[in-house]
file my_file-v6.csv (CSV, C-alpha atoms)
chain,number,residue,atom,x,y,z
A,1,MET,CA,227.6,124.4,305.5
A,2,LEU,CA,228.4,121.7,303.1
A,3,PRO,CA,227.7,120.1,300.7
A,4,ASN,CA,231.3,119.5,299.8
A,5,GLY,CA,230.1,116.1,298.9
A,6,ALA,CA,226.4,116.3,298.1
A,7,TRP,CA,225.5,113.6,295.7
A,8,VAL,CA,222.4,113.5,293.5
A,9,TYR,CA,222.9,110.0,292.7
A,10,ALA,CA,219.9,107.8,292.5
A,11,THR,CA,216.5,107.4,291.0
A,12,GLU,CA,213.9,104.7,291.2
A,13,ASN,CA,213.6,102.5,288.2
A,14,SER,CA,211.0,104.6,286.4
A,15,GLY,CA,212.9,107.8,287.2
A,16,GLU,CA,209.9,109.2,288.9
A,17,ILE,CA,211.6,109.9,292.2
A,18,LEU,CA,215.0,111.6,292.6
A,19,TYR,CA,217.1,111.2,295.7
A,20,LEU,CA,219.9,113.3,297.1
A,21,SER,CA,222.4,112.2,299.6
A,22,PHE,CA,224.1,114.5,302.1
A,23,PRO,CA,226.8,113.7,304.6
A,24,SER,CA,225.9,114.6,308.1
A,25,SER,CA,227.8,117.4,309.7
A,26,ASP,CA,229.6,115.1,312.1
A,27,SER,CA,230.5,112.7,309.2
A,28,ASN,CA,229.0,109.7,310.9
A,29,LYS,CA,226.2,108.9,308.4
A,30,ALA,CA,224.2,110.3,305.5
A,31,TYR,CA,220.8,111.9,305.1
A,32,LEU,CA,218.6,111.2,302.1
A,33,VAL,CA,216.1,113.6,300.5
A,34,GLY,CA,213.6,112.2,298.0
A,35,CYS,CA,211.7,114.4,295.5
A,36,ALA,CA,208.8,113.7,293.2
A,37,VAL,CA,206.3,115.7,291.2
A,38,LYS,CA,202.7,114.7,291.2
A,39,ASN,CA,199.5,116.6,290.4
A,40,ASN,CA,201.7,119.6,289.5
A,41,LYS,CA,203.1,119.7,293.1
A,42,MET,CA,206.6,119.1,294.4
A,43,TYR,CA,206.7,116.4,297.1
A,44,PHE,CA,209.7,115.9,299.4
A,45,ALA,CA,210.4,113.0,301.7
A,46,HIS,CA,213.0,113.6,304.5
A,47,ASP,CA,213.7,113.1,308.1
A,48,CYS,CA,216.5,114.5,310.3
A,49,PRO,CA,216.7,116.0,313.7
A,50,GLY,CA,216.9,119.5,312.3
A,51,TYR,CA,213.7,119.1,310.4
A,52,ARG,CA,212.0,117.3,313.3
A,53,PHE,CA,212.7,120.0,315.8
A,54,SER,CA,212.9,123.3,313.9
A,55,GLY,CA,210.9,122.6,310.8
A,56,ASN,CA,213.5,123.7,308.3
A,57,CYS,CA,216.9,122.1,307.7
A,58,LYS,CA,219.8,122.6,305.3
A,59,HIS,CA,219.3,119.3,303.6
A,60,LEU,CA,215.7,120.2,302.6
A,61,LYS,CA,216.7,123.7,301.5
A,62,THR,CA,219.5,122.6,299.3
A,63,ALA,CA,217.5,119.8,297.8
A,64,HIS,CA,214.6,122.1,297.1
A,65,LYS,CA,216.9,124.5,295.3
A,66,MET,CA,218.6,121.8,293.3
A,67,PHE,CA,215.5,119.9,292.3
A,68,SER,CA,213.5,123.0,291.4
A,69,GLU,CA,216.4,123.9,289.0
A,70,LYS,CA,216.6,120.4,287.6
A,71,LEU,CA,212.9,120.0,287.1
A,72,ASP,CA,212.3,123.5,285.9
A,73,ARG,CA,209.9,124.5,288.7
A,74,ASP,CA,209.3,127.8,290.3
A,75,PRO,CA,211.4,127.8,293.5
A,76,THR,CA,208.8,130.0,295.3
A,77,GLU,CA,205.9,127.7,294.8
A,78,LYS,CA,204.5,125.7,297.8
A,79,ILE,CA,205.9,122.2,298.5
A,80,VAL,CA,204.7,119.3,300.4
A,81,VAL,CA,207.1,117.6,302.9
A,82,ILE,CA,206.5,114.2,304.2
A,83,ARG,CA,208.5,113.2,307.3
A,84,LYS,CA,209.8,109.8,306.4
A,85,HIS,CA,213.1,108.0,307.1
A,86,LEU,CA,214.6,106.9,303.9
A,87,SER,CA,217.3,104.2,303.3
A,88,LEU,CA,219.1,103.1,300.2
A,89,SER,CA,217.6,100.5,297.8
A,90,PRO,CA,219.4,98.1,295.5
A,91,GLU,CA,217.1,99.0,292.6
A,92,TRP,CA,218.3,102.6,292.4
A,93,LYS,CA,220.5,103.9,289.6
A,94,GLN,CA,223.2,106.4,290.2
A,95,ILE,CA,223.3,109.7,288.4
A,96,PRO,CA,226.5,111.7,288.6
A,97,LEU,CA,225.9,115.2,290.0
A,98,ASP,CA,227.5,117.0,287.1
A,99,ARG,CA,225.3,115.2,284.6
A,100,ILE,CA,222.2,116.7,286.2
A,101,LEU,CA,223.4,120.3,286.8
A,102,GLY,CA,226.1,120.4,284.2
A,103,GLY,CA,229.9,120.9,284.6
A,104,ARG,CA,231.2,121.6,288.1
A,105,SER,CA,228.0,123.2,289.3
A,106,HIS,CA,228.0,121.3,292.5
A,107,VAL,CA,230.9,123.5,293.5
A,108,ALA,CA,228.7,126.6,292.8
A,109,VAL,CA,226.0,125.2,295.0
A,110,THR,CA,228.5,124.8,297.9
A,111,GLN,CA,229.8,128.3,297.3
A,112,HIS,CA,226.3,129.7,297.3
A,113,HIS,CA,225.5,128.2,300.7
A,114,ARG,CA,228.8,129.3,302.2
B,14,MET,CA,216.5,52.3,310.4
B,15,LEU,CA,213.7,53.7,308.4
B,16,GLN,CA,212.5,51.4,305.6
B,17,LEU,CA,211.1,53.2,302.5
B,18,PRO,CA,207.9,51.8,301.1
B,19,ASN,CA,207.7,50.3,297.6
B,20,ILE,CA,207.0,53.2,295.3
B,21,ILE,CA,204.8,51.1,292.9
B,22,ASP,CA,202.6,49.8,295.7
B,23,GLU,CA,202.1,53.4,296.8
B,24,ALA,CA,201.2,54.4,293.2
B,25,PHE,CA,198.5,51.6,293.0
B,26,LYS,CA,197.1,52.6,296.4
B,27,ARG,CA,196.6,56.1,295.1
B,28,GLY,CA,194.8,54.8,292.0
B,29,LEU,CA,197.3,55.9,289.3
B,30,VAL,CA,196.5,54.5,285.8
B,31,VAL,CA,199.2,52.0,284.8
B,32,ASN,CA,200.4,50.9,281.3
B,33,PRO,CA,199.8,47.1,281.7
B,34,LYS,CA,202.4,46.3,279.1
B,35,THR,CA,205.2,47.6,281.3
B,36,LEU,CA,204.2,45.8,284.5
B,37,SER,CA,206.9,43.1,284.1
B,38,LYS,CA,209.7,45.5,283.2
B,39,LYS,CA,212.2,47.4,285.4
B,40,GLU,CA,210.4,50.7,284.7
B,41,VAL,CA,206.7,50.7,285.1
B,42,ARG,CA,204.8,53.6,283.3
B,43,PHE,CA,201.9,55.5,284.6
B,44,PHE,CA,199.8,58.5,283.6
B,45,CYS,CA,201.6,61.5,285.3
B,46,PRO,CA,199.4,62.9,288.1
B,47,PHE,CA,201.6,66.0,288.3
B,48,CYS,CA,201.2,67.4,284.8
B,49,ASN,CA,198.1,65.4,283.8
B,50,VAL,CA,199.3,65.0,280.2
B,51,THR,CA,197.9,61.7,279.0
B,52,VAL,CA,197.9,62.0,275.2
B,53,SER,CA,200.5,62.7,272.6
B,54,HIS,CA,200.7,66.1,271.0
B,55,ASP,CA,198.4,65.1,268.1
B,56,GLY,CA,195.9,63.6,270.5
B,57,LYS,CA,195.9,60.2,268.9
B,58,ARG,CA,197.9,58.1,271.3
B,59,LYS,CA,197.9,57.6,275.0
B,60,LYS,CA,201.1,58.7,276.7
B,61,TYR,CA,202.3,57.2,280.0
B,62,HIS,CA,204.9,59.9,280.9
B,63,LEU,CA,205.6,58.9,284.5
B,64,SER,CA,208.3,56.3,284.8
B,65,VAL,CA,208.6,54.5,288.1
B,66,SER,CA,211.7,52.4,288.7
B,67,GLN,CA,211.3,49.1,290.5
B,68,VAL,CA,215.0,48.7,291.0
B,69,LYS,CA,215.9,52.2,292.2
B,70,ASN,CA,212.6,52.9,293.9
B,71,THR,CA,212.5,56.3,292.2
B,72,PHE,CA,210.2,58.2,289.7
B,73,ARG,CA,210.6,60.6,286.9
B,74,CYS,CA,208.1,62.2,284.5
B,75,PHE,CA,209.5,62.6,281.0
B,76,TYR,CA,207.1,65.4,280.2
B,77,CYS,CA,207.1,67.8,283.2
B,78,GLY,CA,210.5,66.6,284.6
B,79,GLU,CA,209.2,66.0,288.2
B,80,HIS,CA,211.5,63.4,289.8
B,81,GLY,CA,212.6,62.1,293.1
B,82,GLY,CA,212.5,59.2,295.6
B,83,ALA,CA,209.7,57.4,297.4
B,84,LEU,CA,209.3,60.1,300.1
B,85,LYS,CA,208.9,62.9,297.7
B,86,PHE,CA,206.5,60.8,295.6
B,87,ILE,CA,204.2,60.3,298.6
B,88,ALA,CA,204.6,63.8,299.7
B,89,LEU,CA,203.6,65.2,296.3
B,90,LEU,CA,200.6,62.9,295.9
B,91,ASP,CA,199.3,63.6,299.5
B,92,GLY,CA,200.1,67.3,299.4
B,93,VAL,CA,202.2,67.2,302.6
B,94,SER,CA,205.8,67.8,303.4
B,95,GLU,CA,208.5,65.2,303.2
B,96,THR,CA,209.2,65.5,306.9
B,97,GLU,CA,205.6,64.7,307.7
B,98,VAL,CA,205.8,61.6,305.5
B,99,LYS,CA,208.9,60.5,307.4
B,100,GLU,CA,207.3,61.0,310.8
B,101,ARG,CA,204.3,59.0,309.6
B,102,LEU,CA,206.5,56.1,308.4
B,103,LYS,CA,208.4,56.2,311.7
B,104,GLU,CA,205.2,55.8,313.6
B,105,GLU,CA,204.1,53.0,311.4
B,106,GLN,CA,207.4,51.1,311.8
B,107,GLY,CA,207.7,51.9,315.6
B,108,LEU,CA,210.7,54.1,315.3
B,109,THR,CA,211.0,57.3,317.3
B,110,ASP,CA,213.8,59.9,317.4
B,111,ARG,CA,216.5,59.4,320.0
B,112,LYS,CA,215.9,61.6,323.0
B,113,ASN,CA,218.5,63.8,324.5
B,114,THR,CA,220.2,64.5,321.2
B,115,LYS,CA,222.7,67.4,321.7
B,116,ALA,CA,222.0,70.5,319.8
B,117,LYS,CA,224.9,71.7,317.7
B,118,HIS,CA,226.8,74.7,318.8
B,119,PRO,CA,226.5,77.5,316.2
B,120,ALA,CA,230.3,77.6,315.8
B,121,GLU,CA,230.1,74.0,314.5
B,122,THR,CA,228.1,75.2,311.5
B,123,ILE,CA,230.8,77.5,310.1
B,124,PRO,CA,232.1,76.1,306.8
B,125,LEU,CA,235.7,75.1,306.6
B,126,ARG,CA,236.7,77.7,304.0
B,127,ARG,CA,235.3,80.5,306.1
B,128,LEU,CA,237.1,79.0,309.2
B,129,GLU,CA,240.4,79.3,307.3
B,130,GLU,CA,239.6,83.0,306.7
B,131,LEU,CA,238.7,83.4,310.3
B,132,PHE,CA,242.0,82.0,311.6
B,133,ARG,CA,243.9,84.2,309.2
B,134,PHE,CA,241.9,87.2,310.5
B,135,MET,CA,242.6,86.1,314.1
B,136,GLY,CA,246.3,86.7,313.4
B,137,GLU,CA,247.5,83.2,312.6
B,138,GLU,CA,248.4,84.1,309.0
B,139,ASN,CA,250.8,81.3,308.3
B,140,ARG,CA,249.5,78.9,311.0
B,141,TYR,CA,245.9,78.8,310.1
B,142,LEU,CA,246.1,75.0,309.4
B,143,GLU,CA,247.3,74.5,313.0
B,144,GLY,CA,244.3,76.5,314.1
B,145,ILE,CA,242.0,74.2,312.2
B,146,GLN,CA,243.7,71.1,313.7
B,147,LYS,CA,243.1,72.7,317.1
B,148,TYR,CA,239.5,73.3,316.2
B,149,ARG,CA,239.0,69.6,315.2
B,150,PHE,CA,240.7,68.5,318.4
B,151,TYR,CA,238.2,70.4,320.5
B,152,LEU,CA,235.3,69.2,318.4
B,153,LYS,CA,236.2,65.5,319.2
B,154,LEU,CA,236.1,66.1,322.9
B,155,PRO,CA,233.0,64.9,324.7
B,156,TYR,CA,230.0,67.3,325.1
B,157,SER,CA,230.4,67.3,328.8
B,158,GLU,CA,233.9,68.8,328.6
B,159,PRO,CA,233.7,72.5,329.6
B,160,ALA,CA,236.8,73.3,327.6
B,161,ARG,CA,235.0,72.3,324.4
B,162,LYS,CA,232.1,74.7,325.1
B,163,ASP,CA,234.5,77.5,326.1
B,164,TYR,CA,236.6,77.1,322.9
B,165,LEU,CA,233.5,77.0,320.7
B,166,ASN,CA,232.1,80.1,322.4
B,167,TYR,CA,235.4,81.8,321.8
B,168,ILE,CA,235.3,80.8,318.1
B,169,TRP,CA,231.7,82.0,317.7
B,170,GLN,CA,232.6,85.4,319.3
B,171,GLU,CA,235.6,85.8,316.9
B,172,TRP,CA,233.4,84.8,313.9
B,173,ASN,CA,230.9,87.5,314.8
B,174,ARG,CA,233.7,90.0,315.1
B,175,TYR,CA,235.0,88.9,311.7
B,176,LEU,CA,231.5,89.4,310.2
B,177,ASP,CA,231.3,92.9,311.6
B,178,HIS,CA,234.7,93.6,310.1
B,179,LYS,CA,233.4,92.5,306.7
B,180,ARG,CA,230.2,94.5,307.1
B,181,ARG,CA,232.2,97.6,308.0
B,182,TRP,CA,234.5,97.4,305.0
B,183,LEU,CA,231.7,96.7,302.6
B,184,LEU,CA,229.9,99.8,303.9
B,185,ILE,CA,233.1,101.8,303.4
B,186,GLY,CA,233.3,100.5,299.8
B,187,LEU,CA,229.6,101.5,299.3
B,188,ILE,CA,230.3,105.1,300.6
B,189,ILE,CA,233.3,105.5,298.3
B,190,SER,CA,231.3,104.1,295.3
B,191,ILE,CA,228.6,106.7,296.0
B,192,GLN,CA,230.9,109.6,296.5
B,193,SER,CA,233.0,108.8,293.4
B,194,GLY,CA,229.8,109.3,291.3
B,195,TYR,CA,229.5,105.9,289.7
B,196,ARG,CA,229.9,102.2,290.6
B,197,TYR,CA,226.9,102.1,292.9
B,198,ALA,CA,225.4,99.2,291.0
B,199,GLU,CA,228.8,97.3,291.0
B,200,MET,CA,229.1,97.7,294.7
B,201,ILE,CA,225.6,96.4,295.3
B,202,GLU,CA,226.5,93.3,293.2
B,203,GLU,CA,229.6,92.8,295.3
B,204,ILE,CA,227.7,93.1,298.5
B,205,ARG,CA,225.2,90.6,297.2
B,206,LEU,CA,228.0,88.1,296.4
B,207,ALA,CA,229.4,88.6,299.9
B,208,SER,CA,226.0,87.9,301.4
B,209,GLN,CA,225.9,84.6,299.5
B,210,LYS,CA,229.4,83.7,300.6
B,211,TYR,CA,228.9,84.3,304.3
B,212,GLY,CA,225.2,83.3,304.5
B,213,GLN,CA,224.3,86.6,305.9
B,214,ASP,CA,221.8,89.3,304.9
B,215,PHE,CA,224.6,91.9,304.3
B,216,LEU,CA,222.7,93.8,301.6
B,217,HIS,CA,219.9,95.1,303.7
B,218,GLU,CA,222.0,95.6,306.8
B,219,ILE,CA,224.6,97.7,304.9
B,220,LEU,CA,222.0,99.8,302.9
B,221,ALA,CA,220.2,100.5,306.2
B,222,ALA,CA,223.5,101.4,307.9
B,223,TYR,CA,224.2,104.1,305.4
B,224,THR,CA,221.5,106.3,306.9
B,225,ASN,CA,221.1,104.7,310.3
B,226,PRO,CA,224.5,103.3,311.4
B,227,PRO,CA,224.7,100.6,314.1
B,228,LYS,CA,227.7,100.1,316.4
B,229,TRP,CA,229.8,98.2,313.8
B,230,ALA,CA,229.6,101.1,311.4
B,231,GLU,CA,231.1,103.7,313.7
B,232,GLY,CA,233.7,105.8,311.9
B,233,ALA,CA,233.0,104.2,308.5
B,234,PHE,CA,232.4,107.6,306.9
B,235,ILE,CA,235.6,109.0,308.3
B,236,THR,CA,237.6,106.0,307.1
B,237,ALA,CA,236.1,106.3,303.7
B,238,GLY,CA,237.1,110.0,303.7
B,239,TYR,CA,240.8,108.9,303.7
B,240,PHE,CA,240.2,107.2,300.4
B,241,HIS,CA,238.5,110.1,298.7
B,242,LYS,CA,240.2,113.3,298.2
B,243,ASN,CA,237.0,115.4,297.7
B,244,LEU,CA,235.8,114.6,301.2
B,245,PRO,CA,236.7,117.0,304.0
B,246,GLN,CA,239.5,115.6,306.1
B,247,PRO,CA,238.4,114.9,309.7
B,248,SER,CA,240.0,116.8,312.5
B,249,GLU,CA,242.9,115.4,314.6
B,250,GLU,CA,240.5,114.7,317.5
B,251,LYS,CA,238.3,112.6,315.3
B,252,ARG,CA,241.2,110.7,313.9
B,253,MET,CA,242.4,109.8,317.3
B,254,ALA,CA,238.9,108.8,318.3
B,255,VAL,CA,238.8,106.3,315.4
B,256,ALA,CA,242.3,105.0,316.1
B,257,LEU,CA,241.4,104.4,319.7

call {"tool": "encode", "arguments": {"input": "my_file-v6.csv", "output": "structure tokens"}}
result
Amino acid sequence: MLPNGAWVYATENSGEILYLSFPSSDSNKAYLVGCAVKNNKMYFAHDCPGYRFSGNCKHLKTAHKMFSEKLDRDPTEKIVVIRKHLSLSPEWKQIPLDRILGGRSHVAVTQHHR
Amino acid sequence: MLQLPNIIDEAFKRGLVVNPKTLSKKEVRFFCPFCNVTVSHDGKRKKYHLSVSQVKNTFRCFYCGEHGGALKFIALLDGVSETEVKERLKEEQGLTDRKNTKAKHPAETIPLRRLEELFRFMGEENRYLEGIQKYRFYLKLPYSEPARKDYLNYIWQEWNRYLDHKRRWLLIGLIISIQSGYRYAEMIEEIRLASQKYGQDFLHEILAAYTNPPKWAEGAFITAGYFHKNLPQPSEEKRMAVAL
């Protein structure tokens, strides 16, 4: 599995919601996962065929792992997933992946999933 | 031809308050009905800010800056659009629009600069001026000529193909900017400029195409991969599929 190029790259203006972009496995498009913390709960927004039909997908798993690291959350706690198709927005700001996880940690993430 | 009404008569009809001293001058002054400022800043003197020109048949307020011609003046005072005022005047003067006016072909609305680009794109790199001469020749033909319609249809088809080409390369630029880790904002600005240049809503189309690609975006991710070494290289089959 990827993400050879998984890019945590954008937040909304206030920085309340983080988005992660994944290339699709046939390299024809990208999938976005959004994450926000509200009322001491982690909310995810995502939609892809894998999630739609089987209920768990690699995008959501990776995003959950990365965001729980980034936001200092317990990775075993319950999350809320909202099935929603996301698309890019011009107001977002890009955050390089290494600035969030430090160094070349995105390589470590790929290795872990491989 | 439509005759515009005298702007000062219209002002009196609507009961604007005039400065009587200026009635014999070129520019007659009124209280401005748009900003309603009638006194000076210290409140001691009356101020007639709206200047109406007898010669030019125009108006301008020196306080709020509202300005224009007779049609706009009536439209603003009556709270209707300028086209409605025009139609009303046409009815009064017994003028009606010519019937059977030919609608313009969409290809006729393409600006000249964009046409130059289009002819270059169509493969006439050094002969784009000839292409424009040809285009002008066909434009002058009568509407009933089938060759004219055929040629314009062809130009319109090529123009849409050119726009798809632009969209595709802007999307590729966006993908590369995202993958390289910075420059997302720069690329958004570039797409915005292109939208202005071509009169299209490129920004929303391209941002939507990133997660939900339409037909013109096919293979954009694979093409972007060639420009970015960190991306996995596509297999030989996929390369052939794109090339074909």

call {"tool": "interface_residues", "arguments": {"input": "my_file-v6.csv", "of": "chain A", "to": "chain B", "cutoff": "6 Å", "atoms": "all atoms listed in the file", "output": "PyMOL selection string"}}
result
chain A and resi 27-31+87-88+96

call {"tool": "closest_residue", "arguments": {"input": "my_file-v6.csv", "among": "B:Val65, B:Asn173, B:Glu137, B:Gly78", "to": "Lys38 in chain B", "atoms": "all atoms listed in the file"}}
result
B:Val65

call {"tool": "atom_distance", "arguments": {"input": "my_file-v6.csv", "atom1": "CA of Tyr61 in chain B", "atom2": "CA of Phe44 in chain B"}}
result
4.6 Å

call {"tool": "atom_distance", "arguments": {"input": "my_file-v6.csv", "atom1": "CA of Ile204 in chain B", "atom2": "CA of Asp47 in chain A"}}
result
26.2 Å

call {"tool": "closest_residue", "arguments": {"input": "my_file-v6.csv", "among": "A:Gly34, A:Pro23, A:Phe53, A:Met42", "to": "Asp72 in chain A", "atoms": "all atoms listed in the file"}}
result
A:Met42

call {"tool": "atom_distance", "arguments": {"input": "my_file-v6.csv", "atom1": "CA of Lys84 in chain A", "atom2": "CA of Glu203 in chain B"}}
result
28.4 Å

call {"tool": "residues_around", "arguments": {"input": "my_file-v6.csv", "residues": "Phe215 in chain B", "least_positions_apart": "6", "cutoff": "9 Å", "atoms": "all atoms listed in the file", "output": "list in words"}}
result
Arg180, Leu183, Ile204, Arg205, Ala207, Ser208 and Gln209 of chain B

call {"tool": "residues_around", "arguments": {"input": "my_file-v6.csv", "residues": "Lys162 in chain B", "least_positions_apart": "5", "cutoff": "10 Å", "atoms": "only C-alpha atoms", "output": "PyMOL selection string"}}
result
chain B and resi 118+120+151-152+154-157+167-168

call {"tool": "closest_residue", "arguments": {"input": "my_file-v6.csv", "among": "A:Ser24, A:Asn56, A:Ser68, A:Gln94", "to": "Tyr43 in chain A", "atoms": "all atoms listed in the file"}}
result
A:Ser68

call {"tool": "closest_residue", "arguments": {"input": "my_file-v6.csv", "among": "B:Glu79, B:Ala237, B:Asn70, B:Asp22", "to": "Pro46 in chain B", "atoms": "only C-alpha atoms"}}
result
B:Glu79

call {"tool": "closest_residue", "arguments": {"input": "my_file-v6.csv", "among": "B:Phe43, B:Phe150, B:Tyr141, B:Phe134", "to": "Tyr175 in chain B", "atoms": "only C-alpha atoms"}}
result
B:Phe134

call {"tool": "residues_around", "arguments": {"input": "my_file-v6.csv", "residues": "Arg52 in chain A", "least_positions_apart": "6", "cutoff": "12 Å", "atoms": "all atoms listed in the file", "output": "list in words"}}
result
His46, Leu60, Val81, Ile82, Arg83, Lys84 and His85 of chain A

call {"tool": "closest_residue", "arguments": {"input": "my_file-v6.csv", "among": "B:Arg161, B:Lys103, B:Arg42, B:His54", "to": "Cys74 in chain B", "atoms": "all atoms listed in the file"}}
result
B:Arg42
